[in-house]
$ cat entry06.txt   # compact mmCIF, C-alpha atoms
# COMPACT_ATOMS: atom_id res chain seq x y z
CA MET E 1 -49.65 -71.43 106.57
CA GLN E 2 -48.69 -67.78 106.11
CA LEU E 3 -50.00 -65.39 103.48
CA VAL E 4 -47.38 -63.01 102.06
CA LEU E 5 -48.63 -59.93 100.18
CA LEU E 6 -46.15 -58.00 98.01
CA HIS E 7 -47.16 -54.58 96.78
CA ALA E 8 -47.09 -52.84 93.41
CA LEU E 9 -44.87 -49.93 92.35
CA PRO E 10 -45.16 -47.06 93.34
CA LEU E 11 -47.33 -48.09 96.31
CA ASP E 12 -46.42 -49.63 99.65
CA ALA E 13 -47.75 -52.31 101.97
CA SER E 14 -50.81 -50.19 102.75
CA MET E 15 -52.29 -51.20 99.38
CA TRP E 16 -53.16 -54.47 101.16
CA ALA E 17 -55.03 -52.77 104.03
CA ARG E 18 -58.26 -54.56 103.16
CA GLN E 19 -56.49 -57.95 103.00
CA ALA E 20 -54.17 -57.37 105.99
CA ASP E 21 -56.15 -59.82 108.16
CA PHE E 22 -57.21 -62.18 105.41
CA LEU E 23 -55.42 -64.87 107.41
CA PRO E 24 -55.69 -63.41 110.95
CA GLY E 25 -52.31 -63.49 112.67
CA ALA E 26 -50.68 -65.11 109.66
CA THR E 27 -50.47 -62.37 107.04
CA LEU E 28 -47.23 -60.57 106.17
CA ALA E 29 -47.19 -57.45 103.97
CA PRO E 30 -43.72 -55.86 103.89
CA THR E 31 -42.78 -52.69 102.05
CA LEU E 32 -40.10 -53.75 99.60
CA TYR E 33 -38.06 -50.66 98.75
CA GLY E 34 -35.74 -50.81 101.75
CA LEU E 35 -34.93 -54.50 101.39
CA GLY E 36 -32.05 -54.19 98.94
CA GLU E 37 -30.93 -53.18 95.48
CA SER E 38 -32.08 -56.22 93.48
CA MET E 39 -35.12 -58.46 93.14
CA GLU E 40 -33.14 -61.37 94.53
CA ALA E 41 -32.22 -59.32 97.62
CA TRP E 42 -35.85 -58.37 98.12
CA ALA E 43 -36.89 -62.03 97.90
CA ARG E 44 -34.26 -63.16 100.41
CA ALA E 45 -35.36 -60.44 102.82
CA VAL E 46 -39.02 -61.45 102.45
CA LEU E 47 -38.12 -65.03 103.34
CA ASP E 48 -36.18 -63.80 106.38
CA LEU E 49 -39.27 -61.88 107.52
CA ALA E 50 -41.67 -64.76 106.89
CA ASP E 51 -42.47 -67.66 109.18
CA ASP E 52 -40.64 -70.96 108.70
CA GLY E 53 -43.76 -72.83 107.58
CA PRO E 54 -45.53 -73.06 104.24
CA LEU E 55 -46.29 -69.86 102.35
CA ILE E 56 -48.78 -68.52 99.84
CA VAL E 57 -47.10 -65.57 98.14
CA VAL E 58 -49.19 -62.94 96.36
CA GLY E 59 -47.59 -60.21 94.29
CA CYS E 60 -49.12 -57.34 92.36
CA SER E 61 -47.05 -55.93 89.47
CA ILE E 62 -43.46 -55.58 90.74
CA GLY E 63 -44.54 -57.61 93.76
CA GLY E 64 -45.32 -60.47 91.38
CA SER E 65 -41.75 -60.45 90.13
CA CYS E 66 -40.59 -60.68 93.73
CA ALA E 67 -43.07 -63.49 94.44
CA LEU E 68 -41.53 -65.60 91.66
CA GLU E 69 -38.06 -65.01 93.11
CA VAL E 70 -39.31 -66.06 96.54
CA ALA E 71 -40.65 -69.29 95.04
CA ALA E 72 -37.36 -69.90 93.22
CA LEU E 73 -35.39 -69.45 96.44
CA ALA E 74 -37.70 -71.58 98.58
CA PRO E 75 -39.68 -73.96 96.37
CA ASP E 76 -40.30 -76.36 99.25
CA ARG E 77 -41.84 -73.64 101.42
CA VAL E 78 -44.00 -71.89 98.82
CA ARG E 79 -47.25 -73.75 98.21
CA ALA E 80 -48.75 -71.24 95.78
CA VAL E 81 -47.87 -68.03 93.96
CA VAL E 82 -50.61 -65.61 92.95
CA LEU E 83 -49.50 -63.09 90.33
CA VAL E 84 -51.66 -60.00 89.77
CA GLY E 85 -50.86 -57.76 86.81
CA ALA E 86 -47.44 -59.42 86.65
CA LYS E 87 -45.44 -61.43 84.14
CA ALA E 88 -42.49 -63.78 84.25
CA SER E 89 -40.80 -62.55 81.09
CA HIS E 90 -38.45 -59.59 80.95
CA ARG E 91 -37.36 -57.54 77.97
CA PRO E 92 -34.81 -54.87 79.02
CA GLU E 93 -35.97 -51.32 78.33
CA PRO E 94 -33.10 -49.11 79.54
CA ALA E 95 -34.35 -46.01 77.73
CA PHE E 96 -37.79 -46.30 79.34
CA ARG E 97 -36.18 -46.91 82.75
CA ASP E 98 -33.93 -43.88 82.44
CA GLU E 99 -36.79 -41.69 81.25
CA ALA E 100 -38.94 -42.66 84.26
CA ILE E 101 -36.08 -41.99 86.67
CA SER E 102 -35.45 -38.61 85.04
CA VAL E 103 -39.12 -37.65 85.37
CA LEU E 104 -39.11 -38.68 89.03
CA ARG E 105 -35.96 -36.71 89.76
CA ARG E 106 -37.17 -33.58 87.99
CA GLY E 107 -40.83 -33.52 88.97
CA GLY E 108 -41.33 -36.14 91.67
CA MET E 109 -44.50 -38.19 91.91
CA ALA E 110 -46.59 -35.21 90.80
CA ALA E 111 -45.07 -35.59 87.32
CA ALA E 112 -44.61 -39.37 87.27
CA TRP E 113 -48.02 -40.52 88.53
CA PRO E 114 -50.14 -39.22 85.62
CA THR E 115 -47.51 -40.33 83.12
CA TYR E 116 -46.74 -43.89 84.22
CA TRP E 117 -49.22 -45.20 86.79
CA GLU E 118 -52.60 -43.49 86.67
CA PRO E 119 -53.20 -44.76 83.09
CA LEU E 120 -52.91 -48.34 84.36
CA PHE E 121 -56.28 -48.14 86.13
CA GLY E 122 -59.33 -49.28 84.22
CA PRO E 123 -61.62 -46.51 82.93
CA SER E 124 -64.49 -47.53 85.22
CA THR E 125 -62.42 -47.56 88.41
CA PRO E 126 -64.06 -45.27 91.00
CA PRO E 127 -62.16 -41.96 91.17
CA ALA E 128 -61.85 -42.32 94.95
CA VAL E 129 -59.88 -45.55 94.49
CA VAL E 130 -57.48 -43.90 92.06
CA GLU E 131 -57.09 -40.91 94.38
CA ARG E 132 -56.28 -43.12 97.39
CA ALA E 133 -53.63 -44.90 95.33
CA ARG E 134 -52.19 -41.58 94.17
CA ALA E 135 -52.01 -40.35 97.76
CA THR E 136 -50.20 -43.55 98.77
CA ALA E 137 -47.73 -43.14 95.92
CA ASP E 138 -47.18 -39.50 96.86
CA ARG E 139 -46.13 -40.53 100.38
CA GLN E 140 -43.27 -42.67 99.06
CA PRO E 141 -39.83 -41.05 99.14
CA VAL E 142 -38.77 -40.40 95.56
CA ASP E 143 -35.47 -42.22 96.12
CA ASP E 144 -37.42 -45.32 97.17
CA VAL E 145 -39.55 -45.23 94.04
CA ILE E 146 -36.44 -44.76 91.89
CA ARG E 147 -34.89 -47.78 93.60
CA GLY E 148 -38.06 -49.70 92.79
CA VAL E 149 -37.86 -48.69 89.13
CA ARG E 150 -34.22 -49.82 88.98
CA VAL E 151 -34.98 -53.14 90.68
CA PHE E 152 -37.96 -53.79 88.40
CA HIS E 153 -35.98 -53.07 85.25
CA GLY E 154 -33.03 -55.11 86.53
CA ARG E 155 -35.04 -58.24 87.30
CA ARG E 156 -34.22 -61.51 85.60
CA ASP E 157 -36.47 -63.36 83.20
CA MET E 158 -38.41 -66.01 85.15
CA THR E 159 -40.25 -67.59 82.22
CA ASP E 160 -38.29 -70.83 82.37
CA PHE E 161 -38.76 -71.12 86.13
CA ALA E 162 -42.51 -70.54 85.87
CA SER E 163 -42.84 -73.20 83.18
CA ARG E 164 -41.02 -75.77 85.33
CA TRP E 165 -42.24 -74.96 88.82
CA THR E 166 -44.68 -77.61 90.04
CA GLY E 167 -46.25 -75.50 92.78
CA ARG E 168 -49.55 -73.77 92.18
CA LEU E 169 -49.33 -70.70 89.94
CA VAL E 170 -52.45 -68.52 89.79
CA VAL E 171 -52.30 -65.62 87.33
CA VAL E 172 -54.84 -62.80 87.68
CA SER E 173 -55.22 -60.05 85.09
CA GLY E 174 -57.66 -57.24 84.53
CA ALA E 175 -59.22 -57.37 81.08
CA ARG E 176 -58.22 -53.72 80.58
CA ASP E 177 -54.62 -54.31 81.63
CA THR E 178 -51.87 -54.00 79.05
CA ALA E 179 -51.02 -57.71 78.81
CA PRO E 180 -53.91 -60.10 79.60
CA ARG E 181 -52.97 -62.48 76.77
CA PRO E 182 -49.38 -63.02 77.96
CA ALA E 183 -50.77 -63.53 81.48
CA ALA E 184 -53.07 -66.26 80.24
CA ALA E 185 -50.21 -67.84 78.30
CA LEU E 186 -48.02 -67.82 81.42
CA ALA E 187 -50.68 -69.70 83.38
CA ALA E 188 -51.10 -72.19 80.55
CA SER E 189 -47.35 -72.86 80.46
CA ALA E 190 -47.13 -73.85 84.13
CA PRO E 191 -47.61 -77.46 85.25
CA ASN E 192 -50.14 -76.38 87.89
CA GLY E 193 -51.29 -73.04 86.48
CA ALA E 194 -54.65 -71.29 86.39
CA PHE E 195 -55.73 -67.98 84.86
CA HIS E 196 -58.41 -65.60 86.08
CA GLY E 197 -59.42 -62.64 83.95
CA VAL E 198 -61.31 -59.85 85.71
CA PRO E 199 -63.69 -57.98 83.38
CA ASP E 200 -63.66 -54.19 83.13
CA CYS E 201 -60.55 -53.90 85.30
CA GLY E 202 -57.05 -52.51 84.82
CA HIS E 203 -53.67 -53.31 86.34
CA TYR E 204 -54.42 -53.04 90.06
CA VAL E 205 -57.05 -55.76 90.55
CA PRO E 206 -56.86 -55.85 94.40
CA LEU E 207 -57.68 -52.13 94.49
CA GLU E 208 -60.10 -51.92 91.57
CA ARG E 209 -62.07 -55.13 92.10
CA PRO E 210 -61.33 -56.27 95.67
CA ASP E 211 -64.38 -58.52 95.97
CA GLU E 212 -63.46 -60.54 92.88
CA PHE E 213 -59.81 -60.67 93.91
CA GLU E 214 -60.64 -61.91 97.41
CA GLN E 215 -62.86 -64.64 96.01
CA ILE E 216 -59.93 -65.91 93.94
CA LEU E 217 -57.50 -65.64 96.86
CA GLY E 218 -59.93 -67.32 99.24
CA ARG E 219 -60.21 -70.34 96.94
CA VAL E 220 -56.42 -70.64 96.74
CA ILE E 221 -56.09 -70.57 100.52
CA ARG E 222 -58.85 -73.13 101.03
CA ASP E 223 -57.28 -75.47 98.49
CA GLU E 224 -53.82 -75.26 100.05
CA ARG E 225 -54.82 -75.75 103.68
$ encode --input "entry06.txt" --output "structure tokens"
Amino acid sequence: MQLVLLHALPLDASMWARQADFLPGATLAPTLYGLGESMEAWARAVLDLADDGPLIVVGCSIGGSCALEVAALAPDRVRAVVLVGAKASHRPEPAFRDEAISVLRRGGMAAAWPTYWEPLFGPSTPPAVVERARATADRQPVDDVIRGVRVFHGRRDMTDFASRWTGRLVVVSGARDTAPRPAAALAASAPNGAFHGVPDCGHYVPLERPDEFEQILGRVIRDER
């Protein structure tokens, strides 16, 4: 069994530093931006990097979209998908995409972080946690983040797949995130779905409430072994 951890935009694999040895010797946390120009390409590359055995795939935000694609490509290998601050549906927003890319090109992460990503943290998140995330985002090449924005906005709608997939689907959402109700509905639609709401938490549950997140993840791993 291998645990695959897929990061959120605009962060990288270091967001999983605390969980990097959650399964010692069997945890993979790739940085996605260099793996291609589409969500499907990212998912294929993740599978190429992963072991040949069964997988538990965890994705936060954009990483959740990739996790669903991984499961769609390899349903026999993926035992469970854990989505954190992620959804299966997709409504194209080309104007929002183009605005974000324009902000990134003009002002870099210094302009984009407070506009698009800092507000996603819950109001009670320790400032040091937000600052570490900002520093991680600031280290990302702007072209990589722009690629991530394009890939995210170009993803396909996975609602039908999620509602038919018989593997385990665990959906985690902070109560202060923008879409906890759709997250709960997604879990309810799946044949083997479960929803976990995290009180007083925003979009980045693994960073904001790591203890609660690891309890959920630990239960999934124990159940699938």
$ residues_around --input "entry06.txt" --residues "Leu83 (chain E)" --least-positions-apart "4" --cutoff "9 Å" --atoms "only C-alpha atoms" --output "list in words"
Val57, Val58, Gly59, Cys60, Ser61, Gly63, Gly64, Ser65, Ala67, Leu68, Lys87, Leu169, Val170, Val171, Val172, Ser173 and Ala183 of chain E
$ closest_residue --input "entry06.txt" --among "E:Ala128, E:Ala17, E:Val151, E:Leu28" --to "Cys66 (chain E)" --atoms "all atoms listed in the file"
E:Val151
$ atom_distance --input "entry06.txt" --atom1 "CA of Arg168 (chain E)" --atom2 "CA of Pro206 (chain E)"
19.5 Å
$ residues_around --input "entry06.txt" --residues "Asp98 (chain E)" --least-positions-apart "6" --cutoff "10 Å" --atoms "all atoms listed in the file" --output "MDAnalysis selection string"
chainID E and resid 104 146 149:150 153
$ atom_distance --input "entry06.txt" --atom1 "CA of Leu5 (chain E)" --atom2 "CA of Ala26 (chain E)"
11.0 Å
$ residues_around --input "entry06.txt" --residues "Ala43 (chain E)" --least-positions-apart "3" --cutoff "6 Å" --atoms "only C-alpha atoms" --output "JSON, numbers by chain"
{"E": [40, 46, 66, 69, 70]}
$ closest_residue --input "entry06.txt" --among "E:His90, E:Arg222, E:Arg164, E:Arg132" --to "Glu118 (chain E)" --atoms "only C-alpha atoms"
E:Arg132
$ closest_residue --input "entry06.txt" --among "E:Val145, E:Ala50, E:Val129, E:Ala185" --to "Arg105 (chain E)" --atoms "only C-alpha atoms"
E:Val145
$ decode --input "entry06.txt" --residues "region 106-118 of chain E" --atoms "all heavy atoms" --output "PDB file, in the first residue's frame"
ATOM      1  N   ARG E 106       1.518  40.412 -13.821  1.00  0.00           N
ATOM      2  CA  ARG E 106       1.850  41.804 -13.519  1.00  0.00           C
ATOM      3  C   ARG E 106       2.552  41.954 -12.179  1.00  0.00           C
ATOM      4  O   ARG E 106       3.519  42.698 -12.055  1.00  0.00           O
ATOM      5  CB  ARG E 106       0.582  42.664 -13.515  1.00  0.00           C
ATOM      6  CG  ARG E 106      -0.067  42.856 -14.866  1.00  0.00           C
ATOM      7  CD  ARG E 106      -1.060  44.023 -14.817  1.00  0.00           C
ATOM      8  NE  ARG E 106      -1.860  44.012 -13.613  1.00  0.00           N
ATOM      9  CZ  ARG E 106      -3.061  43.437 -13.504  1.00  0.00           C
ATOM     10  NH1 ARG E 106      -3.576  42.812 -14.551  1.00  0.00           N
ATOM     11  NH2 ARG E 106      -3.742  43.476 -12.368  1.00  0.00           N
ATOM     12  N   GLY E 107       2.038  41.262 -11.156  1.00  0.00           N
ATOM     13  CA  GLY E 107       2.529  41.498  -9.804  1.00  0.00           C
ATOM     14  C   GLY E 107       3.102  40.301  -9.098  1.00  0.00           C
ATOM     15  O   GLY E 107       3.514  40.416  -7.938  1.00  0.00           O
ATOM     16  N   GLY E 108       3.127  39.135  -9.763  1.00  0.00           N
ATOM     17  CA  GLY E 108       3.674  37.943  -9.146  1.00  0.00           C
ATOM     18  C   GLY E 108       2.855  37.489  -7.948  1.00  0.00           C
ATOM     19  O   GLY E 108       1.716  37.919  -7.729  1.00  0.00           O
ATOM     20  N   MET E 109       3.461  36.634  -7.135  1.00  0.00           N
ATOM     21  CA  MET E 109       2.759  36.098  -5.976  1.00  0.00           C
ATOM     22  C   MET E 109       2.457  37.178  -4.949  1.00  0.00           C
ATOM     23  O   MET E 109       1.477  37.079  -4.201  1.00  0.00           O
ATOM     24  CB  MET E 109       3.576  34.970  -5.349  1.00  0.00           C
ATOM     25  CG  MET E 109       2.857  34.197  -4.264  1.00  0.00           C
ATOM     26  SD  MET E 109       1.229  33.523  -4.755  1.00  0.00           S
ATOM     27  CE  MET E 109       1.711  32.404  -6.067  1.00  0.00           C
ATOM     28  N   ALA E 110       3.286  38.227  -4.906  1.00  0.00           N
ATOM     29  CA  ALA E 110       3.044  39.311  -3.947  1.00  0.00           C
ATOM     30  C   ALA E 110       1.671  39.924  -4.152  1.00  0.00           C
ATOM     31  O   ALA E 110       1.000  40.330  -3.188  1.00  0.00           O
ATOM     32  CB  ALA E 110       4.124  40.381  -4.079  1.00  0.00           C
ATOM     33  N   ALA E 111       1.209  39.997  -5.401  1.00  0.00           N
ATOM     34  CA  ALA E 111      -0.120  40.545  -5.689  1.00  0.00           C
ATOM     35  C   ALA E 111      -1.203  39.469  -5.617  1.00  0.00           C
ATOM     36  O   ALA E 111      -2.326  39.727  -5.181  1.00  0.00           O
ATOM     37  CB  ALA E 111      -0.121  41.191  -7.074  1.00  0.00           C
ATOM     38  N   ALA E 112      -0.876  38.245  -6.044  1.00  0.00           N
ATOM     39  CA  ALA E 112      -1.897  37.207  -6.158  1.00  0.00           C
ATOM     40  C   ALA E 112      -2.243  36.565  -4.819  1.00  0.00           C
ATOM     41  O   ALA E 112      -3.409  36.233  -4.572  1.00  0.00           O
ATOM     42  CB  ALA E 112      -1.435  36.129  -7.142  1.00  0.00           C
ATOM     43  N   TRP E 113      -1.258  36.390  -3.942  1.00  0.00           N
ATOM     44  CA  TRP E 113      -1.516  35.697  -2.676  1.00  0.00           C
ATOM     45  C   TRP E 113      -2.621  36.359  -1.855  1.00  0.00           C
ATOM     46  O   TRP E 113      -3.589  35.685  -1.464  1.00  0.00           O
ATOM     47  CB  TRP E 113      -0.216  35.581  -1.872  1.00  0.00           C
ATOM     48  CG  TRP E 113      -0.419  34.988  -0.507  1.00  0.00           C
ATOM     49  CD1 TRP E 113      -0.507  35.652   0.675  1.00  0.00           C
ATOM     50  CD2 TRP E 113      -0.580  33.597  -0.197  1.00  0.00           C
ATOM     51  NE1 TRP E 113      -0.708  34.776   1.716  1.00  0.00           N
ATOM     52  CE2 TRP E 113      -0.761  33.509   1.207  1.00  0.00           C
ATOM     53  CE3 TRP E 113      -0.594  32.436  -0.955  1.00  0.00           C
ATOM     54  CZ2 TRP E 113      -0.945  32.297   1.848  1.00  0.00           C
ATOM     55  CZ3 TRP E 113      -0.778  31.211  -0.309  1.00  0.00           C
ATOM     56  CH2 TRP E 113      -0.944  31.153   1.069  1.00  0.00           C
ATOM     57  N   PRO E 114      -2.541  37.658  -1.568  1.00  0.00           N
ATOM     58  CA  PRO E 114      -3.601  38.254  -0.740  1.00  0.00           C
ATOM     59  C   PRO E 114      -4.940  38.352  -1.454  1.00  0.00           C
ATOM     60  O   PRO E 114      -5.984  38.486  -0.800  1.00  0.00           O
ATOM     61  CB  PRO E 114      -3.058  39.649  -0.398  1.00  0.00           C
ATOM     62  CG  PRO E 114      -2.064  39.942  -1.466  1.00  0.00           C
ATOM     63  CD  PRO E 114      -1.464  38.626  -1.855  1.00  0.00           C
ATOM     64  N   THR E 115      -4.938  38.252  -2.760  1.00  0.00           N
ATOM     65  CA  THR E 115      -6.178  38.355  -3.528  1.00  0.00           C
ATOM     66  C   THR E 115      -6.910  37.023  -3.626  1.00  0.00           C
ATOM     67  O   THR E 115      -8.132  36.955  -3.440  1.00  0.00           O
ATOM     68  CB  THR E 115      -5.878  38.871  -4.945  1.00  0.00           C
ATOM     69  OG1 THR E 115      -5.219  40.138  -4.851  1.00  0.00           O
ATOM     70  CG2 THR E 115      -7.155  39.024  -5.762  1.00  0.00           C
ATOM     71  N   TYR E 116      -6.171  35.945  -3.908  1.00  0.00           N
ATOM     72  CA  TYR E 116      -6.812  34.674  -4.236  1.00  0.00           C
ATOM     73  C   TYR E 116      -6.656  33.581  -3.189  1.00  0.00           C
ATOM     74  O   TYR E 116      -7.532  32.717  -3.072  1.00  0.00           O
ATOM     75  CB  TYR E 116      -6.263  34.144  -5.574  1.00  0.00           C
ATOM     76  CG  TYR E 116      -6.522  35.079  -6.716  1.00  0.00           C
ATOM     77  CD1 TYR E 116      -5.484  35.800  -7.303  1.00  0.00           C
ATOM     78  CD2 TYR E 116      -7.816  35.282  -7.200  1.00  0.00           C
ATOM     79  CE1 TYR E 116      -5.719  36.680  -8.340  1.00  0.00           C
ATOM     80  CE2 TYR E 116      -8.061  36.165  -8.239  1.00  0.00           C
ATOM     81  CZ  TYR E 116      -7.012  36.857  -8.810  1.00  0.00           C
ATOM     82  OH  TYR E 116      -7.250  37.737  -9.829  1.00  0.00           O
ATOM     83  N   TRP E 117      -5.554  33.557  -2.443  1.00  0.00           N
ATOM     84  CA  TRP E 117      -5.283  32.389  -1.608  1.00  0.00           C
ATOM     85  C   TRP E 117      -5.291  32.673  -0.111  1.00  0.00           C
ATOM     86  O   TRP E 117      -5.821  31.860   0.648  1.00  0.00           O
ATOM     87  CB  TRP E 117      -3.962  31.747  -2.051  1.00  0.00           C
ATOM     88  CG  TRP E 117      -4.134  31.122  -3.400  1.00  0.00           C
ATOM     89  CD1 TRP E 117      -4.947  30.075  -3.712  1.00  0.00           C
ATOM     90  CD2 TRP E 117      -3.535  31.529  -4.632  1.00  0.00           C
ATOM     91  NE1 TRP E 117      -4.885  29.791  -5.059  1.00  0.00           N
ATOM     92  CE2 TRP E 117      -4.016  30.664  -5.649  1.00  0.00           C
ATOM     93  CE3 TRP E 117      -2.613  32.525  -4.975  1.00  0.00           C
ATOM     94  CZ2 TRP E 117      -3.617  30.776  -6.967  1.00  0.00           C
ATOM     95  CZ3 TRP E 117      -2.217  32.634  -6.298  1.00  0.00           C
ATOM     96  CH2 TRP E 117      -2.722  31.781  -7.286  1.00  0.00           C
ATOM     97  N   GLU E 118      -4.769  33.769   0.336  1.00  0.00           N
ATOM     98  CA  GLU E 118      -4.796  34.047   1.769  1.00  0.00           C
ATOM     99  C   GLU E 118      -6.216  34.051   2.333  1.00  0.00           C
ATOM    100  O   GLU E 118      -6.449  33.541   3.447  1.00  0.00           O
ATOM    101  CB  GLU E 118      -4.088  35.364   2.074  1.00  0.00           C
ATOM    102  CG  GLU E 118      -3.952  35.648   3.559  1.00  0.00           C
ATOM    103  CD  GLU E 118      -3.128  36.895   3.829  1.00  0.00           C
ATOM    104  OE1 GLU E 118      -2.962  37.728   2.905  1.00  0.00           O
ATOM    105  OE2 GLU E 118      -2.643  37.044   4.963  1.00  0.00           O
TER     106      GLU E 118
END
